[in-house]
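Chemist: See start-v2.cif below, with mmCIF, C-alpha atoms.
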```cif
data_query
#
loop_
_atom_site.group_PDB
_atom_site.id
_atom_site.type_symbol
_atom_site.label_atom_id
_atom_site.label_comp_id
_atom_site.auth_asym_id
_atom_site.auth_seq_id
_atom_site.Cartn_x
_atom_site.Cartn_y
_atom_site.Cartn_z
ATOM 1 C CA ALA M 53 32.079 -6.515 58.499
ATOM 2 C CA GLN M 54 33.512 -7.802 61.723
ATOM 3 C CA SER M 55 35.123 -5.390 64.140
ATOM 4 C CA VAL M 56 36.254 -5.226 67.732
ATOM 5 C CA THR M 57 36.367 -2.225 70.018
ATOM 6 C CA GLN M 58 38.722 -1.991 72.948
ATOM 7 C CA LEU M 59 37.744 0.607 75.513
ATOM 8 C CA GLY M 60 40.708 2.342 77.026
ATOM 9 C CA SER M 61 44.018 2.596 75.213
ATOM 10 C CA HIS M 62 45.845 2.656 78.557
ATOM 11 C CA VAL M 63 45.058 0.895 81.805
ATOM 12 C CA SER M 64 47.111 1.262 84.955
ATOM 13 C CA VAL M 65 46.829 -0.971 87.997
ATOM 14 C CA SER M 66 48.812 -1.647 91.111
ATOM 15 C CA GLU M 67 50.571 -4.936 91.548
ATOM 16 C CA GLY M 68 48.103 -7.387 93.084
ATOM 17 C CA ALA M 69 45.054 -5.509 91.853
ATOM 18 C CA LEU M 70 42.395 -6.796 89.497
ATOM 19 C CA VAL M 71 43.069 -6.417 85.793
ATOM 20 C CA LEU M 72 40.079 -5.725 83.522
ATOM 21 C CA LEU M 73 40.585 -5.025 79.834
ATOM 22 C CA ARG M 74 37.440 -4.447 77.816
ATOM 23 C CA CYS M 75 36.576 -5.730 74.358
ATOM 24 C CA ASN M 76 33.306 -5.585 72.455
ATOM 25 C CA TYR M 77 32.699 -7.196 69.093
ATOM 26 C CA SER M 78 30.172 -6.455 66.395
ATOM 27 C CA SER M 79 28.572 -9.524 64.946
ATOM 28 C CA SER M 80 25.181 -11.141 64.818
ATOM 29 C CA VAL M 81 26.826 -14.538 64.662
ATOM 30 C CA PRO M 82 29.209 -15.481 67.478
ATOM 31 C CA PRO M 83 32.662 -15.435 65.931
ATOM 32 C CA TYR M 84 35.947 -16.789 67.159
ATOM 33 C CA LEU M 85 37.459 -14.308 69.582
ATOM 34 C CA PHE M 86 40.999 -13.948 70.803
ATOM 35 C CA TRP M 87 43.228 -12.051 73.140
ATOM 36 C CA TYR M 88 46.824 -11.618 72.102
ATOM 37 C CA VAL M 89 49.617 -10.093 74.171
ATOM 38 C CA GLN M 90 52.637 -8.207 72.889
ATOM 39 C CA TYR M 91 55.552 -7.730 75.246
ATOM 40 C CA PRO M 92 58.013 -4.930 74.477
ATOM 41 C CA ASN M 93 59.999 -5.524 71.306
ATOM 42 C CA GLN M 94 58.358 -8.858 70.676
ATOM 43 C CA GLY M 95 55.758 -10.272 68.348
ATOM 44 C CA LEU M 96 52.274 -11.163 69.463
ATOM 45 C CA GLN M 97 51.445 -14.373 71.260
ATOM 46 C CA LEU M 98 48.103 -15.968 71.906
ATOM 47 C CA LEU M 99 46.753 -15.443 75.411
ATOM 48 C CA LEU M 100 43.433 -17.228 74.998
ATOM 49 C CA LYS M 101 40.684 -17.924 72.491
ATOM 50 C CA TYR M 102 36.942 -18.492 72.389
ATOM 51 C CA THR M 103 35.677 -20.925 69.784
ATOM 52 C CA SER M 104 32.037 -21.467 70.798
ATOM 53 C CA ALA M 105 32.744 -23.992 73.521
ATOM 54 C CA ALA M 106 32.770 -22.846 77.156
ATOM 55 C CA THR M 107 31.921 -19.171 77.579
ATOM 56 C CA LEU M 108 34.555 -18.735 80.284
ATOM 57 C CA VAL M 109 37.928 -19.227 78.709
ATOM 58 C CA LYS M 110 41.126 -19.651 80.659
ATOM 59 C CA GLY M 111 44.413 -18.652 79.156
ATOM 60 C CA ILE M 112 48.050 -18.469 80.036
ATOM 61 C CA ASN M 113 49.547 -16.527 82.939
ATOM 62 C CA GLY M 114 46.331 -16.567 84.969
ATOM 63 C CA PHE M 115 44.231 -14.602 82.492
ATOM 64 C CA GLU M 116 40.679 -15.472 81.594
ATOM 65 C CA ALA M 117 37.912 -13.994 79.497
ATOM 66 C CA GLU M 118 34.166 -14.443 79.446
ATOM 67 C CA PHE M 119 32.131 -14.469 76.275
ATOM 68 C CA LYS M 120 28.813 -12.686 76.817
ATOM 69 C CA LYS M 121 26.615 -12.832 73.775
ATOM 70 C CA SER M 122 23.955 -10.566 75.269
ATOM 71 C CA GLU M 123 26.541 -7.850 75.734
ATOM 72 C CA THR M 124 28.666 -8.729 72.665
ATOM 73 C CA SER M 125 31.635 -8.578 74.992
ATOM 74 C CA PHE M 126 34.780 -10.588 75.617
ATOM 75 C CA HIS M 127 36.513 -8.802 78.476
ATOM 76 C CA LEU M 128 39.883 -10.009 79.742
ATOM 77 C CA THR M 129 40.503 -10.320 83.465
ATOM 78 C CA LYS M 130 43.160 -11.392 85.902
ATOM 79 C CA PRO M 131 42.503 -11.414 89.650
ATOM 80 C CA SER M 132 45.943 -10.198 90.684
ATOM 81 C CA ALA M 133 48.275 -8.215 88.449
ATOM 82 C CA HIS M 134 51.977 -8.939 88.331
ATOM 83 C CA MET M 135 54.704 -6.617 87.160
ATOM 84 C CA SER M 136 55.436 -9.001 84.304
ATOM 85 C CA ASP M 137 51.916 -8.470 82.929
ATOM 86 C CA ALA M 138 52.889 -5.036 81.649
ATOM 87 C CA ALA M 139 52.366 -5.290 77.894
ATOM 88 C CA GLU M 140 50.066 -4.387 75.039
ATOM 89 C CA TYR M 141 46.916 -6.488 74.795
ATOM 90 C CA PHE M 142 44.923 -6.924 71.606
ATOM 91 C CA CYS M 143 41.450 -8.299 71.201
ATOM 92 C CA ALA M 144 40.802 -9.907 67.826
ATOM 93 C CA VAL M 145 37.999 -11.580 65.909
ATOM 94 C CA THR M 146 38.063 -13.862 62.912
ATOM 95 C CA GLU M 147 36.749 -12.346 59.728
ATOM 96 C CA GLY M 148 34.452 -15.324 59.374
ATOM 97 C CA LYS M 149 34.265 -19.041 59.984
ATOM 98 C CA ASN M 150 37.046 -21.331 58.805
ATOM 99 C CA THR M 151 39.552 -18.561 58.276
ATOM 100 C CA ASP M 152 42.787 -17.472 59.864
ATOM 101 C CA LYS M 153 42.241 -13.824 58.923
ATOM 102 C CA LEU M 154 41.940 -11.735 62.052
ATOM 103 C CA ILE M 155 40.590 -8.266 62.703
ATOM 104 C CA PHE M 156 42.416 -6.649 65.597
ATOM 105 C CA GLY M 157 41.282 -4.049 68.067
ATOM 106 C CA THR M 158 43.318 -0.939 68.708
ATOM 107 C CA GLY M 159 45.046 -2.431 71.714
ATOM 108 C CA THR M 160 45.256 -1.599 75.407
ATOM 109 C CA ARG M 161 48.555 -0.884 77.073
ATOM 110 C CA LEU M 162 48.622 -2.269 80.592
ATOM 111 C CA GLN M 163 50.907 -0.665 83.125
ATOM 112 C CA VAL M 164 51.496 -2.281 86.496
ATOM 113 C CA PHE M 165 52.826 -0.193 89.356
ATOM 114 C CA PRO M 166 54.546 -1.622 92.419
ATOM 115 C CA SER E 732 53.026 -24.160 67.178
ATOM 116 C CA ALA E 733 55.422 -22.519 64.762
ATOM 117 C CA VAL E 734 58.651 -20.609 65.207
ATOM 118 C CA ILE E 735 58.974 -17.629 62.919
ATOM 119 C CA SER E 736 62.171 -15.708 62.231
ATOM 120 C CA GLN E 737 62.177 -12.302 60.629
ATOM 121 C CA LYS E 738 65.030 -10.331 59.173
ATOM 122 C CA PRO E 739 65.960 -7.580 59.644
ATOM 123 C CA SER E 740 64.721 -6.993 63.162
ATOM 124 C CA ARG E 741 65.095 -3.274 62.626
ATOM 125 C CA ASP E 742 66.467 -0.883 60.048
ATOM 126 C CA ILE E 743 66.748 2.791 59.303
ATOM 127 C CA CYS E 744 66.078 3.607 55.678
ATOM 128 C CA GLN E 745 66.260 6.633 53.459
ATOM 129 C CA ARG E 746 63.243 8.065 51.717
ATOM 130 C CA GLY E 747 62.749 6.628 48.230
ATOM 131 C CA THR E 748 64.584 3.379 48.848
ATOM 132 C CA SER E 749 63.122 -0.112 49.132
ATOM 133 C CA LEU E 750 63.652 -2.764 51.764
ATOM 134 C CA THR E 751 62.886 -6.467 51.702
ATOM 135 C CA ILE E 752 61.853 -8.255 54.875
ATOM 136 C CA GLN E 753 62.349 -11.986 55.115
ATOM 137 C CA CYS E 754 60.179 -14.426 57.036
ATOM 138 C CA GLN E 755 61.284 -17.992 57.714
ATOM 139 C CA VAL E 756 59.035 -20.589 59.375
ATOM 140 C CA ASP E 757 60.267 -23.780 60.976
ATOM 141 C CA SER E 758 57.465 -25.850 59.433
ATOM 142 C CA GLN E 759 55.523 -25.970 56.200
ATOM 143 C CA VAL E 760 52.482 -23.728 56.176
ATOM 144 C CA THR E 761 49.938 -22.962 53.520
ATOM 145 C CA MET E 762 49.088 -19.393 54.365
ATOM 146 C CA MET E 763 51.315 -16.626 55.611
ATOM 147 C CA PHE E 764 50.105 -13.195 56.615
ATOM 148 C CA TRP E 765 51.861 -9.855 56.606
ATOM 149 C CA TYR E 766 50.684 -7.208 59.054
ATOM 150 C CA ARG E 767 51.662 -3.602 59.609
ATOM 151 C CA GLN E 768 51.665 -2.025 63.040
ATOM 152 C CA GLN E 769 52.062 1.722 62.842
ATOM 153 C CA PRO E 770 53.314 3.585 65.911
ATOM 154 C CA GLY E 771 50.724 3.490 68.661
ATOM 155 C CA GLN E 772 48.207 1.685 66.505
ATOM 156 C CA SER E 773 46.834 -1.770 66.018
ATOM 157 C CA LEU E 774 47.722 -4.388 63.454
ATOM 158 C CA THR E 775 46.470 -4.009 59.922
ATOM 159 C CA LEU E 776 46.570 -6.913 57.514
ATOM 160 C CA ILE E 777 48.528 -6.061 54.383
ATOM 161 C CA ALA E 778 48.160 -9.293 52.447
ATOM 162 C CA THR E 779 47.809 -13.038 52.575
ATOM 163 C CA ALA E 780 50.490 -15.070 50.821
ATOM 164 C CA ASN E 781 49.779 -18.572 49.573
ATOM 165 C CA GLN E 782 52.531 -20.652 48.113
ATOM 166 C CA GLY E 783 52.257 -20.954 44.353
ATOM 167 C CA SER E 784 49.815 -18.110 43.795
ATOM 168 C CA GLU E 785 49.672 -14.353 43.825
ATOM 169 C CA ALA E 786 49.294 -12.711 47.198
ATOM 170 C CA THR E 787 45.884 -11.356 48.098
ATOM 171 C CA TYR E 788 46.023 -7.720 49.189
ATOM 172 C CA GLU E 789 43.673 -5.957 51.562
ATOM 173 C CA SER E 790 41.959 -2.720 50.754
ATOM 174 C CA GLY E 791 44.419 0.135 50.770
ATOM 175 C CA PHE E 792 47.461 -1.993 49.953
ATOM 176 C CA VAL E 793 48.780 -2.608 46.450
ATOM 177 C CA ILE E 794 51.290 -4.976 44.956
ATOM 178 C CA ASP E 795 53.444 -2.211 43.487
ATOM 179 C CA LYS E 796 54.049 -0.782 46.941
ATOM 180 C CA PHE E 797 54.249 -4.062 48.860
ATOM 181 C CA PRO E 798 55.364 -6.858 46.537
ATOM 182 C CA ILE E 799 55.364 -10.249 48.207
ATOM 183 C CA SER E 800 57.112 -13.452 47.262
ATOM 184 C CA ARG E 801 56.250 -16.943 48.469
ATOM 185 C CA PRO E 802 58.671 -19.321 46.803
ATOM 186 C CA ASN E 803 58.015 -22.297 49.090
ATOM 187 C CA LEU E 804 56.007 -23.439 52.102
ATOM 188 C CA THR E 805 58.448 -22.122 54.710
ATOM 189 C CA PHE E 806 59.545 -18.737 53.381
ATOM 190 C CA SER E 807 58.136 -15.390 52.291
ATOM 191 C CA THR E 808 59.380 -11.889 51.671
ATOM 192 C CA LEU E 809 57.672 -8.515 51.852
ATOM 193 C CA THR E 810 59.221 -5.546 50.093
ATOM 194 C CA VAL E 811 58.340 -2.013 51.091
ATOM 195 C CA SER E 812 58.973 0.019 47.951
ATOM 196 C CA ASN E 813 59.796 3.672 47.449
ATOM 197 C CA MET E 814 59.574 4.303 51.163
ATOM 198 C CA SER E 815 58.377 7.486 52.784
ATOM 199 C CA PRO E 816 58.305 8.423 56.487
ATOM 200 C CA GLU E 817 54.673 7.252 56.586
ATOM 201 C CA ASP E 818 55.967 3.700 56.039
ATOM 202 C CA SER E 819 57.750 3.774 59.395
ATOM 203 C CA SER E 820 56.140 0.837 61.143
ATOM 204 C CA ILE E 821 56.621 -2.593 62.541
ATOM 205 C CA TYR E 822 55.984 -5.240 59.916
ATOM 206 C CA LEU E 823 54.934 -8.612 61.256
ATOM 207 C CA CYS E 824 54.879 -11.970 59.574
ATOM 208 C CA SER E 825 52.442 -14.548 60.870
ATOM 209 C CA VAL E 826 51.186 -18.001 60.074
ATOM 210 C CA GLY E 827 47.994 -19.767 60.986
ATOM 211 C CA GLY E 828 47.696 -22.929 62.987
ATOM 212 C CA GLY E 829 46.338 -24.573 59.868
ATOM 213 C CA TRP E 830 42.899 -25.232 61.237
ATOM 214 C CA GLY E 831 41.098 -22.125 60.009
ATOM 215 C CA THR E 832 40.367 -21.017 63.559
ATOM 216 C CA GLY E 833 42.296 -17.775 63.570
ATOM 217 C CA GLU E 834 45.049 -18.888 65.914
ATOM 218 C CA LEU E 835 48.138 -17.147 64.624
ATOM 219 C CA PHE E 836 51.815 -17.352 65.391
ATOM 220 C CA PHE E 837 53.871 -14.215 64.934
ATOM 221 C CA GLY E 838 57.438 -13.331 64.248
ATOM 222 C CA GLU E 839 59.085 -10.701 66.397
ATOM 223 C CA GLY E 840 58.575 -8.090 63.748
ATOM 224 C CA SER E 841 60.753 -5.817 61.667
ATOM 225 C CA ARG E 842 60.857 -2.237 62.891
ATOM 226 C CA LEU E 843 61.469 0.152 60.001
ATOM 227 C CA THR E 844 62.250 3.828 60.407
ATOM 228 C CA VAL E 845 62.217 5.929 57.249
ATOM 229 C CA LEU E 846 64.029 9.237 57.352
#
```
Would you write the structure of this file as structure tokens?
Modeler:
Amino acid sequence: AQSVTQLGSHVSVSEGALVLLRCNYSSSVPPYLFWYVQYPNQGLQLLLKYTSAATLVKGINGFEAEFKKSETSFHLTKPSAHMSDAAEYFCAVTEGKNTDKLIFGTGTRLQVFP
Amino acid sequence: SAVISQKPSRDICQRGTSLTIQCQVDSQVTMMFWYRQQPGQSLTLIATANQGSEATYESGFVIDKFPISRPNLTFSTLTVSNMSPEDSSIYLCSVGGGWGTGELFFGEGSRLTVL
């Protein structure tokens, strides 16, 4: 079965610092991978997705993620954190091909300090 | 994209009662998903609701506890029955982009607290 592991339930950075949120997936076949963001008291929204095209995926708000098959990783990065980036971030993988069913990681709460 | 409205946004319920959550989508969609997000935890899929057929429940979730209706292509309800404090969670409705690629759109969630 597909699964994703997010290392670090909480990450704290200073404003302007690099953001790195880690996600590893378990699959022998490259799946579709996603990062979703949840701002306080809101639903989730799609940040970016990997669907077997370019391995470096750019998303909204300056975030990007790189698919590394050799490491089974899909880490999320942003060069310079902004206060508005404070949120919960979820890595997710499709259960299989041609499905909208997602398996979510446990989430990483990002705090940004001035 | 899709705009999803959920009601209620939050509620405080008594043990043993039931609550129905409504999910309205601004466009016709085939599949709707109901997720549970327990405090401090990730999202867990409860069931998939297709219009015109019985909902498909994930392991650990049963229809008697979480009955779902899907009367048309823009609306669904999830009922949390005979609630206990362990049911205190955020319940999220979501719909797919319709392309089978896993891109989901979410409502803002319904935060239930069971006393």
Chemist: From the set M:Asn113, M:Ser125, M:Ser79, M:Asn93, which residue has the shortest atom-to-atom contact distance to chain E, counting all atoms listed in the file?
Modeler: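 The answer is M:Asn93, which sits nearest to chain E.
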Chemist: Of the residues E:Gly783, E:Pro770, E:Pro816, E:Gly791, which is the one nearest to chain M, using only C-alpha atoms?
Modeler: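 Going through E:Gly783, E:Pro770, E:Pro816, E:Gly791 one by one, the smallest distance to chain M is for E:Pro770.
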Chemist: Report the residues retrieved by the PyMOL selection byres ((chain M) within 12 of (chain E)) from the displayed file, expressed as an NGL selection string.
Modeler: :M and (56-58 or 61-62 or 83-104 or 140-161)
Chemist: What is the distance, in Å and to one decimal place, between CA of Gln769 (chain E) and CA of Asn813 (chain E)?
Modeler: 17.3 Å
Chemist: Spell out the residues picked by the PyMOL selection byres ((chain M and resi 55) around 6) here, as a compact mmCIF listing (two decimals) with C-alpha atoms, in the frame of the given file.
Modeler:
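Saved file part_16.txt follows:
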```
# COMPACT_ATOMS: atom_id res chain seq x y z
CA GLN M 54 33.51 -7.80 61.72
CA VAL M 56 36.25 -5.23 67.73
CA TYR M 77 32.70 -7.20 69.09
CA SER M 78 30.17 -6.46 66.40
```
Chemist: Could you list, as number ranges by chain, every residue matched by the PyMOL selection byres ((chain M and resi 127-129) around 8) in this structure?
Modeler: M: 70-76, 87, 115-119, 125-126, 130-131
Chemist: Quick one, how far is CA of Phe797 (chain E) from CA of Asn781 (chain E)?
Modeler: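 The value is 15.2 Å.
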Chemist: If we count only C-alpha atoms, what is near Val793 (chain E) at a cut-off of 12 Å, once residues fewer than 6 positions away on the same chain are taken out, given as a list in words?
Modeler: Ile777, Ala778, Ala786, Thr787, Ile799, Leu809, Thr810, Val811 and Ser812 of chain E
